[in-house]
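Okay, so here's the structure we're looking at.
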Amino acid sequence: MYVLHGFNPSPYSVKMRAILRYRRIPFVWNALGNPRDVAVAAGLPPVIPILRFPDGRMMNDSTPLAYALEREHRERSIIPDDPALAYLSDLLEDFGDEWVTKMMFHYRWYYAADRDFAQTWIITSRDPVMAADKRSAGAKAFNDRQVGRMALVGCTEQNRPIIEDSYRFVLDTLDRHVRTIPFLFGSRPSLADFGMFGQLQILSVDPTPMAEMRARAADVYCWLLRLDDASGVEGQWLDGKAALPETLRALLKHCGETYLPFLAANMKALRDESAELDLDILGRRYSQAPFRYQGKCYDALRKKLAALPLDVRDRLDPVLEEAGCLRWLA
C-alpha cells in the first residue's frame with residue numbers, strides 16, 4: 001500500500017491525491033501532523049507531499065512523483081500517447097505548478113479574509129483539536145512566515161494586477177474549454193489537468209478567489225469537483241495530428257506571454273547572480289528575486305523539447321511558434 005503524507009490546504013498534496021485516485025492506485029491519505037517532518041526524517045528536502053512506496057522508498061516533489069508512478073503502473077496513464085501532446089501537457093503542468101501557484105499564494109496571503117481562513121484551515125488540518133493559546137500562536141506563526149515570503153514568490157503590490165489579471169484569464173479560458181471538452185487533452189485527464197487542478201482547487205476554497213471563480217467560471221468550479229476523484233472516468237485523448245482547440249491554443253499563448261518570459265528572465269538573473277529579475281508582463285512591470293528551482297524547471301522544459309524526434313518537432317514547433325512559446329524554449 002502507498003502512503004501519501006500531505007494535507008488538504010497544500011496544492012501539491014491534493015494534486016497527487018487526485019492523480020492516485022484517478023489511476024486507481026490503492027493508497028492511504030495521511031493528512032495529520034506536519035508532513036514536512038516526514039520529509040526531513042527521510043533525508044528529503046522539506047517539500048510536501050511525500051509518497052511512501054510499498055517497498056518503503058520515500059519520494060517527494062509532485063512532478064517527479066507523477067512520472068515515477070508512470071514507470072511503475074501502466075494502466076490509466078496521465079501522459080498523452082502522442083508525444084507532441086505529451087510535451088504540451090508537460091508545459092501546461094509546469095505553468096500550473098510554477099505560475100498559477102503565484103495566484104494561489106497571492107490570494108491566500110494578500111486579503112485579510114483569506115489570511116484568516118487559511119490560518120484556521122492549515123492549523124486544524126494539522127491538529128483539529130488544540131488548546132486555544134496553542135492554536136492562536138501556531139496560526140500567527142504560520143501567517144507571519146508565509147506573509148514574509150510573499151515578495152520571494154513574486155506576490156507584491158507591484159505584481160498584484162498581473163497576477164490577478166492572469167487568474168481571470170485562466171478562469172475565462174478554462175471555463176470555455178471544459179464546456180466542450182471534459183479535460184485539457186480529451187475526455188480523460190492529463191498531467192496538465194492535475195497541475196492546474198492542484199492550485200485551482202485551493203483557489204476554489206479560499207474565500208476571495210472562490211467567490212470570483214463561482215461568479216465568473218462556475219464550470220471550472222464544477223470541473224474541479226469532478227477531477228478531485230476521477231476514478232470512474234474512462235476517456236480518450238485528442239487526435240495529436242488534428243488542430244488544437246481554440247481554448248488550448250489560448251492557454252498556450254498566455255503561457256508564452258507570462259510564464260515563459262518570466263522563466264527566461266529568472267534564468268538570466270540566476271546566471272548573472274542578480275538580486276532581482278525585471279521584465280514586462282501583460283503590459284506591466286514585473287519584478288521579484290530569482291528562484292533557483294524555477295531555473296531547473298526552465299532547463300527541463302528546454303531539454304525535453306530538444307530531445308524530441310524531428311517528425312514530432314515538425315508538428316509541435318508550429319504550434320509553439322503560433323502561441324509565442326517557441327522563442328523561449330528552442
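The way I read the labels, and the way they are meant: chains A, B, ... in the order of the C-alpha cells, residue 1 as the first residue of every chain, and ligand 1 as the first ligand shown, with later ones counted on from there.
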Using only C-alpha atoms, find each residue in segment 20-101 of chain A having at least one atom no more than 12 Å away from segment 307-313 of chain A; report its shortest atom-to-atom pair and that distance in Å (one decimal), rows by chain then rising number, as JSON lines.
{"residue": "A:Asp82", "atom": "CA", "partner": "A:Val312", "partner_atom": "CA", "distance": 8.9}
{"residue": "A:Pro83", "atom": "CA", "partner": "A:Val312", "partner_atom": "CA", "distance": 6.9}
{"residue": "A:Ala84", "atom": "CA", "partner": "A:Val312", "partner_atom": "CA", "distance": 6.0}
{"residue": "A:Leu85", "atom": "CA", "partner": "A:Val312", "partner_atom": "CA", "distance": 9.8}
{"residue": "A:Ala86", "atom": "CA", "partner": "A:Val312", "partner_atom": "CA", "distance": 10.7}
{"residue": "A:Tyr87", "atom": "CA", "partner": "A:Leu308", "partner_atom": "CA", "distance": 9.0}
{"residue": "A:Leu88", "atom": "CA", "partner": "A:Arg313", "partner_atom": "CA", "distance": 11.8}
Give me a file of those residues, with C-alpha atoms, as a PDB file, in the first residue's frame.
ATOM      1  CA  ASP A  82       1.035  11.406 -28.808  1.00  0.00           C
ATOM      2  CA  PRO A  83       4.491  12.843 -27.950  1.00  0.00           C
ATOM      3  CA  ALA A  84       3.574  16.335 -29.164  1.00  0.00           C
ATOM      4  CA  LEU A  85       0.531  16.430 -26.891  1.00  0.00           C
ATOM      5  CA  ALA A  86       2.630  14.911 -24.101  1.00  0.00           C
ATOM      6  CA  TYR A  87       5.056  17.825 -24.351  1.00  0.00           C
ATOM      7  CA  LEU A  88       2.229  20.388 -24.309  1.00  0.00           C
TER       8      LEU A  88
END
Using DSSP assignments from the backbone, pull out every residue in segment 23-87 of chain A that falls under alpha helix (DSSP H) and give it to me as JSON, numbers by chain. {"A": [35, 36, 37, 38, 39, 40, 41, 62, 63, 64, 65, 66, 67, 68, 69, 70, 71, 72, 83, 84, 85, 86, 87]}
**Asked** Could you pull the residues within 6 Å of segment 193-208 of chain A, counting only C-alpha atoms, minus those fewer than 6 positions along the same chain, as a list in words?
**Response** Pro11, Tyr12, Val14, Lys15, Glu93, Gly96, Asp97, Thr101, Met104 and Asp114 of chain A
Take the residues that were just selected and, keeping C-alpha atoms, output them as a compact mmCIF listing (two decimals), in the first residue's frame.
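In the end it all went to again19.txt:
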# COMPACT_ATOMS: atom_id res chain seq x y z
CA PRO A 11 -1.99 22.37 -3.68
CA TYR A 12 0.67 19.78 -4.47
CA VAL A 14 -4.27 17.45 -3.42
CA LYS A 15 -2.73 17.22 -6.89
CA GLU A 93 1.54 21.28 -15.94
CA GLY A 96 0.17 25.34 -13.26
CA ASP A 97 2.80 24.30 -10.74
CA THR A 101 0.84 28.91 -7.79
CA MET A 104 -2.78 30.75 -5.10
CA ASP A 114 -8.22 34.78 3.06
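Distances here use only C-alpha atoms; by that measure, the residue among A:Ile163, A:Val129, A:Ala18, A:Met58 closest to Leu32 of chain A is A:Val129.
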| said: So that I can see what lies close to Leu92 of chain A, please list as an NGL selection string the residues with an atom at most 12 Å from it, counting only C-alpha atoms and leaving out residues fewer than 2 positions away in the same chain. | reply: :A and (85-90 or 94-100 or 170 or 184-185 or 190-197 or 248-256 or 259-260 or 301 or 325)
So that I can check the surroundings of Gln119 of chain A, please list as a compact mmCIF listing (two decimals) with C-alpha atoms, in the first residue's frame every protein, DNA and RNA residue that reaches within 8 Å of it, counting only C-alpha atoms and ignoring chain neighbours fewer than 4 positions away.
# COMPACT_ATOMS: atom_id res chain seq x y z
CA ARG A 115 -5.41 35.06 5.62
CA ILE A 123 -3.85 24.74 11.78
CA ALA A 139 -1.78 30.31 13.37
CA LYS A 140 0.07 33.58 13.88
CA PHE A 142 2.41 30.33 10.13
CA ASN A 143 0.74 33.53 8.90
task: Could you tell me how far atom CA of Gly240 of chain A lies from atom CA of Val319 of chain A, in Å and to one decimal?
output: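 Computed distance, atom CA of Gly240 of chain A to atom CA of Val319 of chain A, equals 11.5 Å.
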Residues of segment 39-166 of chain A in strand (DSSP E or B) according to DSSP, as JSON, numbers by chain? {"A": [50, 51, 52, 58, 59, 60]}
*Please provide as a list in words all residues within 7 Å of Asp175 of chain A, with the sequence filter that same-chain residues fewer than 3 positions apart are discarded (counting only C-alpha atoms).*
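Listed by chain and then number, they are Leu171, Asp172, Val178, Arg179, Ala217, Asp219 and Val220 of chain A.
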Take the residues just selected and output them with C-alpha atoms as a CSV table (one decimal), in the first residue's frame.
chain,number,residue,atom,x,y,z
A,171,LEU,CA,-10.7,31.1,-15.4
A,172,ASP,CA,-12.3,32.5,-18.5
A,178,VAL,CA,-14.5,22.4,-20.2
A,179,ARG,CA,-17.9,23.3,-21.6
A,217,ALA,CA,-16.3,30.5,-14.1
A,219,ASP,CA,-18.0,25.4,-14.9
A,220,VAL,CA,-14.3,25.5,-13.7
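Closest approach to Ser166 of chain A among A:Leu282, A:Leu20, A:Leu51, A:Leu224 is made by A:Leu282 (distances from only C-alpha atoms).
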Which residues come within 9 Å of Ala289 of chain A, counting only C-alpha atoms, excluding same-chain residues fewer than 5 positions away, as a compact mmCIF listing (two decimals) with N, CA and C atoms, in the first residue's frame?
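Listing of result.txt after writing:
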# COMPACT_ATOMS: atom_id res chain seq x y z
N ALA A 151 7.11 38.36 -1.07
CA ALA A 151 7.97 39.02 -2.06
C ALA A 151 8.88 38.00 -2.74
N LEU A 152 9.33 36.99 -2.00
CA LEU A 152 10.19 35.96 -2.57
C LEU A 152 9.47 35.21 -3.70
N VAL A 153 8.16 35.00 -3.53
CA VAL A 153 7.37 34.29 -4.53
C VAL A 153 6.94 35.21 -5.67
N GLY A 154 7.11 36.51 -5.49
CA GLY A 154 6.68 37.47 -6.51
C GLY A 154 5.32 38.07 -6.24
N ASN A 266 14.22 34.84 -15.20
CA ASN A 266 14.70 34.21 -13.98
C ASN A 266 16.03 33.51 -14.22
N ALA A 269 18.80 36.06 -14.56
CA ALA A 269 19.16 36.63 -13.26
C ALA A 269 20.01 35.64 -12.45
N SER A 274 22.17 38.12 -10.26
CA SER A 274 21.45 39.36 -9.95
C SER A 274 20.54 39.14 -8.76
N ALA A 275 20.30 40.19 -8.02
CA ALA A 275 19.41 40.11 -6.86
C ALA A 275 17.96 40.15 -7.27
N GLU A 276 17.67 40.62 -8.50
CA GLU A 276 16.29 40.78 -8.91
C GLU A 276 16.16 40.59 -10.41
N LEU A 277 15.04 40.04 -10.83
CA LEU A 277 14.71 39.97 -12.25
C LEU A 277 13.62 41.00 -12.51
N ASP A 278 13.59 41.53 -13.72
CA ASP A 278 12.70 42.64 -14.03
C ASP A 278 12.30 42.52 -15.50
